[in-house]
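**Q** Before I ask anything, here is the structure I am working with.
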Amino acid sequence: MKTKPLERQAEAFSNGAARGAAYLQGLSDRSVDADTARLGQLDPGLPAEGMEVETVLELMETIGGEGTVASAGGRYFGYVVGGALPAASGARALLSAWDQVADSLTGPSVIKMEETALSWIVDLMQLPSGTSGAFTSGATMANMTLLVTARDTLLSRLGHPRGKGLFTAPKLRVVASAEIHATVLKSVRMAGLSSEDIEWVAVDEQGRLRADAMPLLDNRTIVLCQAGNVCTGASDPVGELAAMCRETGAWLHVDGAFGLWARTAEAISASLDGLEGADSWVVDAHKTLNTPYDAGIALCRHPEEMQASMSIGAQYLPATHPNPANRAPEFSRSARGAETWAALLSLGRKGVVDLVTGFHHHARRIAAELEKIGFLVPHDVHFNQVFATLPENEDACARIVAHVQASGEAWFGQAMWQGRKGFRISVSNWSTSDKDVDRLIEAIRRAKDELV
């Protein structure tokens, strides 16, 4: 006798969850790098008759599972990819069963969770009262959302209202740190602004924008700075920049995908003094906060301007009901903000601080241990990023990275910073332990001894 449709779905859901749990339980012992030898088996050809659910999940678990990089585990140190906190991971599973669309008419409870999570983040970051925003797929879309808002707001103030397009609009200026992240530049282009005309500002030996090198600003300028240099973790002098922008009517935008969370920990927050003076901020939940992908957050101190730029405006949509689509590019999307709500609720204020300071602690130790075995870390450890090179033999760094990846003991990637070849280690997983750091350092030491 066949079960009812939702009973079959529940069985499949339980089956998939059980396989996922087994995967997580084995991460501490498996190779961090992916085994891609059998990936061809994931393309058996689309069958004339569909496979049984059990067969599909078995194929996914075996071939698909071994073809994953173990980024959910504590020995992954690449690309500032966080893991997933237990509460956030559990919320993802529950949300998958709910299958709610992020809209108050189709998912009222998840919208309440998203709105609550945004208010908690504004509070944790000590941003101005009235600041609000929206969840996006990641920092790229969050940056684009806010750059469109900045563009439209400045043009409106110059007498060119929203809706008239850019063909006859006054030309805006973009001033940016010389080491701003590449995704911000992509967002500049998507917002219809010229990345070829950016006025670049020199950085110091830590990768921080030099306020003394800033050009004169005016009320048609968007200034792009960052909280968290992708190689050093350093943050630009946002307080000084905010004062400059306030005096001239320029718009200050802060890309803080992972680094904005440093604001929550007193021990490392001083570099972000004055952060509240900016006009807009980007931060990811799926990096430092360790929610599942994807969860970018666009925050704006002028939410009415953000809504004016992003609003859907369809006549059949009731204006009285909150709709995240009115502050972000997507119309229909999953309730990704509910996972952030679950993560924050499970951590509490103290847990967020402990998470952030724990990353900093591990990064400082990694930097010190690398220098003991002959590497150079040419910057202070500002947060969770460590760039290292091998003096007088920088080319060997690429071979060391490949050796460690192949060993399966850890995973991190090559990097180049301020003319130096090396590698970058990002500490951003809640489950990373001192033992994981021990294994990382030993794998690097062994690679160096064998190759250099």
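Just remember, in the structure tokens the first chain shown is A, the second B, etc., residues are 1-based per chain, and ligands are 1-based in the order shown.
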If you count only C-alpha atoms, which residues fall within 8 Å of stretch 273-288 of chain A, apart from same-chain ones fewer than 5 positions away, as a PyMOL selection string?

**A** chain A and resi 80-84+126-128+138-139+142-143+146+238-240+242-243+251-261+293-302+340+356+428-429

**Q** Find the residues around stretch 441-445 of chain A up to 10 Å (only C-alpha atoms counted), leave out those fewer than 3 positions away in its own chain, and share them as a PyMOL selection string.

**A** chain A and resi 365-367+369-370+372-375+397+400-401+403-405+407-410+435-438+448-450

**Q** Taking the chain letters and numbering used in this document, name the residues of stretch 173-287 of chain A that DSSP puts in strand (DSSP E), as a list in words.

**A**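 Everything in stretch 173-287 of chain A that counts as strand (DSSP E) is Arg173, Val174, Val175, Ala176, Ser177, Glu199, Trp200, Val201, Thr221, Ile222, Val223, Leu224, Cys225, Gln226, Trp251, Leu252, His253, Val254, Asp255, Ser280, Trp281, Val282, Val283 and Asp284 of chain A.
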
**Q** Convert the current residue selection to file output with N, CA and C atoms, as a tab-separated table (two decimals), in the first residue's frame.

**A**
```tsv
chain	number	residue	atom	x	y	z
A	173	ARG	N	31.03	60.03	-8.80
A	173	ARG	CA	32.40	59.60	-8.53
A	173	ARG	C	32.39	58.39	-7.60
A	174	VAL	N	33.36	57.51	-7.78
A	174	VAL	CA	33.56	56.39	-6.86
A	174	VAL	C	34.99	56.45	-6.37
A	175	VAL	N	35.16	56.56	-5.07
A	175	VAL	CA	36.47	56.59	-4.43
A	175	VAL	C	36.60	55.31	-3.61
A	176	ALA	N	37.70	54.57	-3.79
A	176	ALA	CA	37.79	53.26	-3.16
A	176	ALA	C	39.20	52.94	-2.69
A	177	SER	N	39.27	52.12	-1.66
A	177	SER	CA	40.54	51.58	-1.19
A	177	SER	C	41.20	50.78	-2.31
A	199	GLU	N	38.53	56.32	-8.35
A	199	GLU	CA	39.65	57.07	-7.79
A	199	GLU	C	40.22	56.23	-6.64
A	200	TRP	N	41.36	55.60	-6.92
A	200	TRP	CA	41.94	54.67	-5.96
A	200	TRP	C	42.71	55.40	-4.87
A	201	VAL	N	42.60	54.90	-3.65
A	201	VAL	CA	43.29	55.49	-2.51
A	201	VAL	C	44.32	54.49	-1.99
A	221	THR	N	29.81	61.83	-4.60
A	221	THR	CA	30.85	60.82	-4.40
A	221	THR	C	30.35	59.67	-3.53
A	222	ILE	N	30.64	58.44	-3.97
A	222	ILE	CA	30.45	57.25	-3.15
A	222	ILE	C	31.83	56.75	-2.73
A	223	VAL	N	32.04	56.64	-1.44
A	223	VAL	CA	33.32	56.17	-0.91
A	223	VAL	C	33.17	54.72	-0.47
A	224	LEU	N	34.07	53.87	-0.95
A	224	LEU	CA	34.03	52.44	-0.64
A	224	LEU	C	35.21	52.07	0.25
A	225	CYS	N	34.93	51.61	1.46
A	225	CYS	CA	36.00	51.14	2.34
A	225	CYS	C	35.62	49.77	2.87
A	226	GLN	N	36.51	49.18	3.67
A	226	GLN	CA	36.23	47.82	4.11
A	226	GLN	C	36.57	47.61	5.58
A	251	TRP	N	28.61	59.74	0.22
A	251	TRP	CA	28.02	58.52	0.80
A	251	TRP	C	29.14	57.56	1.15
A	252	LEU	N	29.19	57.09	2.41
A	252	LEU	CA	30.21	56.13	2.84
A	252	LEU	C	29.61	54.75	2.96
A	253	HIS	N	30.18	53.81	2.20
A	253	HIS	CA	29.74	52.42	2.21
A	253	HIS	C	30.86	51.53	2.74
A	254	VAL	N	30.52	50.63	3.66
A	254	VAL	CA	31.50	49.74	4.30
A	254	VAL	C	31.21	48.30	3.91
A	255	ASP	N	32.18	47.67	3.25
A	255	ASP	CA	32.09	46.24	2.96
A	255	ASP	C	32.74	45.50	4.12
A	280	SER	N	25.99	52.98	4.89
A	280	SER	CA	25.55	51.60	4.61
A	280	SER	C	26.67	50.63	4.94
A	281	TRP	N	26.25	49.41	5.26
A	281	TRP	CA	27.19	48.38	5.67
A	281	TRP	C	26.76	47.03	5.10
A	282	VAL	N	27.74	46.20	4.78
A	282	VAL	CA	27.48	44.82	4.35
A	282	VAL	C	28.16	43.89	5.33
A	283	VAL	N	27.46	42.83	5.70
A	283	VAL	CA	28.05	41.79	6.54
A	283	VAL	C	27.41	40.46	6.14
A	284	ASP	N	28.17	39.38	6.25
A	284	ASP	CA	27.64	38.05	5.98
A	284	ASP	C	27.35	37.33	7.28
```

**Q** So how far away is atom CA of A:Val386 from atom CA of A:Thr232, in Å?

**A**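 Between atom CA of A:Thr232 and atom CA of A:Val386 the gap is 5.9 Å.
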
**Q** Atom CA of A:Gly73 and atom CA of A:Glu11, how far apart in Å?

**A**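 Separation of atom CA of A:Glu11 and atom CA of A:Gly73: 27.3 Å.
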
**Q** Measuring atom to atom with only C-alpha atoms, identify which of A:Ala182, A:Ser109, A:Gly64, A:Thr136 is nearest to A:Gly20.

**A**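 For A:Gly20, the nearest of the given residues is A:Gly64.
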
**Q** Which polymer residues have any atom within 10 Å of an atom of A:Met306, counting only C-alpha atoms, with same-chain residues fewer than 5 positions away left out, as a list in words?

**A**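 Counting only the stated atoms, we get Ser132, Gly133, Ala134, Thr145, Leu146, Leu147, Val148, Thr149, Ala150, Asp152, Thr153, Ser280, Ala298, Leu299, Cys300, Arg301, Ser311, Asn326, Arg327 and Ala328 of chain A.
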
**Q** Could the residues in this selection be written to a file with N, CA and C atoms, as a PDB file, in the first residue's frame?

**A**
```pdb
ATOM      1  N   SER A 132      18.089  49.651   9.143  1.00  0.00           N
ATOM      2  CA  SER A 132      17.406  48.413   8.796  1.00  0.00           C
ATOM      3  C   SER A 132      18.019  47.874   7.509  1.00  0.00           C
ATOM      4  N   GLY A 133      17.440  46.811   6.989  1.00  0.00           N
ATOM      5  CA  GLY A 133      18.030  46.236   5.780  1.00  0.00           C
ATOM      6  C   GLY A 133      17.320  45.009   5.315  1.00  0.00           C
ATOM      7  N   ALA A 134      18.098  44.099   4.713  1.00  0.00           N
ATOM      8  CA  ALA A 134      17.515  42.894   4.118  1.00  0.00           C
ATOM      9  C   ALA A 134      18.575  41.815   3.986  1.00  0.00           C
ATOM     10  N   THR A 145      23.030  45.941  -3.859  1.00  0.00           N
ATOM     11  CA  THR A 145      21.807  46.556  -3.352  1.00  0.00           C
ATOM     12  C   THR A 145      22.076  47.939  -2.777  1.00  0.00           C
ATOM     13  N   LEU A 146      23.125  48.043  -1.987  1.00  0.00           N
ATOM     14  CA  LEU A 146      23.419  49.304  -1.315  1.00  0.00           C
ATOM     15  C   LEU A 146      24.079  50.316  -2.244  1.00  0.00           C
ATOM     16  N   LEU A 147      24.833  49.844  -3.225  1.00  0.00           N
ATOM     17  CA  LEU A 147      25.412  50.783  -4.184  1.00  0.00           C
ATOM     18  C   LEU A 147      24.339  51.364  -5.097  1.00  0.00           C
ATOM     19  N   VAL A 148      23.343  50.564  -5.447  1.00  0.00           N
ATOM     20  CA  VAL A 148      22.202  51.101  -6.198  1.00  0.00           C
ATOM     21  C   VAL A 148      21.467  52.140  -5.349  1.00  0.00           C
ATOM     22  N   THR A 149      21.307  51.834  -4.056  1.00  0.00           N
ATOM     23  CA  THR A 149      20.660  52.791  -3.155  1.00  0.00           C
ATOM     24  C   THR A 149      21.469  54.074  -3.056  1.00  0.00           C
ATOM     25  N   ALA A 150      22.786  53.947  -2.896  1.00  0.00           N
ATOM     26  CA  ALA A 150      23.641  55.132  -2.820  1.00  0.00           C
ATOM     27  C   ALA A 150      23.586  55.932  -4.110  1.00  0.00           C
ATOM     28  N   ASP A 152      21.184  56.045  -6.414  1.00  0.00           N
ATOM     29  CA  ASP A 152      19.889  56.686  -6.589  1.00  0.00           C
ATOM     30  C   ASP A 152      19.704  57.865  -5.634  1.00  0.00           C
ATOM     31  N   THR A 153      20.199  57.697  -4.402  1.00  0.00           N
ATOM     32  CA  THR A 153      20.037  58.758  -3.408  1.00  0.00           C
ATOM     33  C   THR A 153      20.831  59.996  -3.791  1.00  0.00           C
ATOM     34  N   SER A 280      25.989  52.976   4.888  1.00  0.00           N
ATOM     35  CA  SER A 280      25.553  51.605   4.612  1.00  0.00           C
ATOM     36  C   SER A 280      26.671  50.634   4.942  1.00  0.00           C
ATOM     37  N   ALA A 298      22.416  43.296   3.904  1.00  0.00           N
ATOM     38  CA  ALA A 298      22.593  44.690   3.498  1.00  0.00           C
ATOM     39  C   ALA A 298      21.927  45.575   4.542  1.00  0.00           C
ATOM     40  N   LEU A 299      22.690  46.479   5.147  1.00  0.00           N
ATOM     41  CA  LEU A 299      22.183  47.353   6.197  1.00  0.00           C
ATOM     42  C   LEU A 299      22.339  48.807   5.779  1.00  0.00           C
ATOM     43  N   CYS A 300      21.331  49.621   6.057  1.00  0.00           N
ATOM     44  CA  CYS A 300      21.354  51.013   5.615  1.00  0.00           C
ATOM     45  C   CYS A 300      20.770  51.913   6.704  1.00  0.00           C
ATOM     46  N   ARG A 301      21.432  53.042   6.962  1.00  0.00           N
ATOM     47  CA  ARG A 301      20.905  53.983   7.931  1.00  0.00           C
ATOM     48  C   ARG A 301      19.776  54.823   7.337  1.00  0.00           C
ATOM     49  N   SER A 311      12.023  48.674  -4.076  1.00  0.00           N
ATOM     50  CA  SER A 311      10.625  48.289  -3.943  1.00  0.00           C
ATOM     51  C   SER A 311      10.076  47.669  -5.228  1.00  0.00           C
ATOM     52  N   ASN A 326      11.131  44.339  -1.067  1.00  0.00           N
ATOM     53  CA  ASN A 326      11.139  45.790  -1.186  1.00  0.00           C
ATOM     54  C   ASN A 326      12.453  46.416  -0.741  1.00  0.00           C
ATOM     55  N   ARG A 327      13.397  45.568  -0.276  1.00  0.00           N
ATOM     56  CA  ARG A 327      14.702  46.100   0.127  1.00  0.00           C
ATOM     57  C   ARG A 327      15.857  45.263  -0.413  1.00  0.00           C
ATOM     58  N   ALA A 328      15.577  44.395  -1.345  1.00  0.00           N
ATOM     59  CA  ALA A 328      16.623  43.539  -1.907  1.00  0.00           C
ATOM     60  C   ALA A 328      16.241  43.160  -3.335  1.00  0.00           C
TER      61      ALA A 328
END
```

**Q** Do a neighbour search on A:Val203 at 12 Å with only C-alpha atoms, toss out local chain neighbours closer than 2 positions, and write the hits as a PyMOL selection string.

**A** chain A and resi 176-180+200-201+205-214+225-226+229+234-237+417-418

**Q** Taking the DSSP secondary structure from the backbone, can you list the residues of stretch 126-177 of chain A that are helix (DSSP H, G or I), as an mmCIF file with C-alpha atoms, in the first residue's frame?

**A**
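This went into states.cif:
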```
data_model
loop_
_atom_site.group_PDB
_atom_site.id
_atom_site.type_symbol
_atom_site.label_atom_id
_atom_site.label_comp_id
_atom_site.auth_asym_id
_atom_site.auth_seq_id
_atom_site.Cartn_x
_atom_site.Cartn_y
_atom_site.Cartn_z
ATOM 1 C CA ALA A 139 27.990 40.074 0.141
ATOM 2 C CA THR A 140 28.089 40.614 -3.629
ATOM 3 C CA MET A 141 24.335 41.107 -3.865
ATOM 4 C CA ALA A 142 24.272 43.053 -0.601
ATOM 5 C CA ASN A 143 26.942 45.420 -1.950
ATOM 6 C CA MET A 144 25.056 45.815 -5.210
ATOM 7 C CA THR A 145 21.807 46.556 -3.352
ATOM 8 C CA LEU A 146 23.419 49.304 -1.315
ATOM 9 C CA LEU A 147 25.412 50.783 -4.184
ATOM 10 C CA VAL A 148 22.202 51.101 -6.198
ATOM 11 C CA THR A 149 20.660 52.791 -3.155
ATOM 12 C CA ALA A 150 23.641 55.132 -2.820
ATOM 13 C CA ARG A 151 23.590 55.895 -6.540
ATOM 14 C CA ASP A 152 19.889 56.686 -6.589
ATOM 15 C CA THR A 153 20.037 58.758 -3.408
ATOM 16 C CA LEU A 154 22.910 60.953 -4.576
ATOM 17 C CA LEU A 155 21.348 61.415 -8.011
ATOM 18 C CA SER A 156 18.016 62.322 -6.429
ATOM 19 C CA ARG A 157 19.722 64.923 -4.269
#
```

**Q** Name the residues in contact with A:Asp218 at a cut-off of 10 Å, using only C-alpha atoms, excluding same-chain residues fewer than 6 positions from it; report them as a ChimeraX atom specification.

**A** /A:172-173,244-251

**Q** Which residue gives the smallest distance to A:Arg162 among A:Ala308, A:Leu95, A:Val32, A:Ala10, with only C-alpha atoms counted?

**A** A:Ala308

**Q** One decimal, in Å: what's the spacing between atom CA of A:Met416 and atom CA of A:Pro378?

**A** 12.1 Å

**Q** For A:Ile63, work out the shell of residues within 10 Å, counting only C-alpha atoms and skipping chain neighbours fewer than 2 positions away, then give it as a short mmCIF file (atom, residue, chain, number, x, y, z; two decimals) with N, CA and C atoms, in the first residue's frame.

**A**
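Contents of the output file out.cif:
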```cif
data_model
loop_
_atom_site.label_atom_id
_atom_site.label_comp_id
_atom_site.auth_asym_id
_atom_site.auth_seq_id
_atom_site.Cartn_x
_atom_site.Cartn_y
_atom_site.Cartn_z
N ASP A 35 37.74 14.17 -2.99
CA ASP A 35 38.14 13.07 -3.87
C ASP A 35 37.22 13.13 -5.09
N THR A 36 37.77 13.54 -6.22
CA THR A 36 36.94 13.78 -7.42
C THR A 36 37.03 12.65 -8.44
N ALA A 37 37.64 11.55 -8.07
CA ALA A 37 37.90 10.48 -9.04
C ALA A 37 36.62 9.88 -9.63
N ARG A 38 35.54 9.85 -8.88
CA ARG A 38 34.33 9.17 -9.36
C ARG A 38 33.18 10.14 -9.70
N LEU A 39 33.48 11.43 -9.84
CA LEU A 39 32.41 12.39 -10.08
C LEU A 39 31.64 12.12 -11.37
N GLY A 40 32.27 11.45 -12.32
CA GLY A 40 31.58 11.12 -13.57
C GLY A 40 30.33 10.29 -13.35
N GLN A 41 30.29 9.55 -12.25
CA GLN A 41 29.14 8.70 -11.96
C GLN A 41 27.90 9.51 -11.58
N LEU A 42 28.08 10.81 -11.33
CA LEU A 42 26.92 11.66 -11.03
C LEU A 42 26.14 12.00 -12.29
N GLU A 58 21.41 7.61 -2.05
CA GLU A 58 22.60 6.77 -1.92
C GLU A 58 23.71 7.26 -2.86
N LEU A 59 23.34 7.58 -4.10
CA LEU A 59 24.31 8.11 -5.05
C LEU A 59 24.87 9.44 -4.57
N MET A 60 23.99 10.27 -4.06
CA MET A 60 24.42 11.59 -3.57
C MET A 60 25.36 11.44 -2.38
N GLU A 61 25.02 10.55 -1.46
CA GLU A 61 25.83 10.37 -0.25
C GLU A 61 27.21 9.81 -0.57
N GLY A 65 29.23 12.84 -1.70
CA GLY A 65 29.86 13.13 -0.41
C GLY A 65 31.38 13.12 -0.48
N GLU A 66 31.94 12.11 -1.17
CA GLU A 66 33.40 12.05 -1.25
C GLU A 66 33.95 13.15 -2.15
N GLY A 67 33.10 13.74 -2.99
CA GLY A 67 33.53 14.84 -3.85
C GLY A 67 33.38 16.21 -3.23
N THR A 68 33.09 16.26 -1.93
CA THR A 68 33.00 17.55 -1.23
C THR A 68 34.32 17.88 -0.55
#
```

**Q** Might you pull out every residue within 9 Å of A:Ala363, with only C-alpha atoms counted and same-chain residues fewer than 5 positions away left off, and present them as an mmCIF file with C-alpha atoms, in the first residue's frame?

**A**
```cif
data_model
loop_
_atom_site.group_PDB
_atom_site.id
_atom_site.type_symbol
_atom_site.label_atom_id
_atom_site.label_comp_id
_atom_site.auth_asym_id
_atom_site.auth_seq_id
_atom_site.Cartn_x
_atom_site.Cartn_y
_atom_site.Cartn_z
ATOM 1 C CA GLY A 358 38.129 32.583 19.493
ATOM 2 C CA ALA A 368 53.271 32.856 15.906
ATOM 3 C CA VAL A 381 46.962 39.896 13.313
ATOM 4 C CA HIS A 382 43.943 42.170 13.358
ATOM 5 C CA PHE A 383 41.233 39.530 13.384
ATOM 6 C CA ASN A 384 41.058 36.066 11.799
ATOM 7 C CA GLN A 385 43.288 36.375 8.724
ATOM 8 C CA VAL A 386 46.930 35.354 8.386
ATOM 9 C CA ILE A 425 44.868 31.146 6.305
ATOM 10 C CA SER A 426 41.370 32.137 7.391
ATOM 11 C CA VAL A 427 40.015 31.031 10.756
#
```

**Q** Under the rule that only C-alpha atoms are counted, which of A:Trp120, A:Phe135, A:Tyr23, A:Phe13 is the nearest residue to A:Glu330?

**A**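 When distances to A:Glu330 are compared using only C-alpha atoms, the smallest one comes from A:Phe135.
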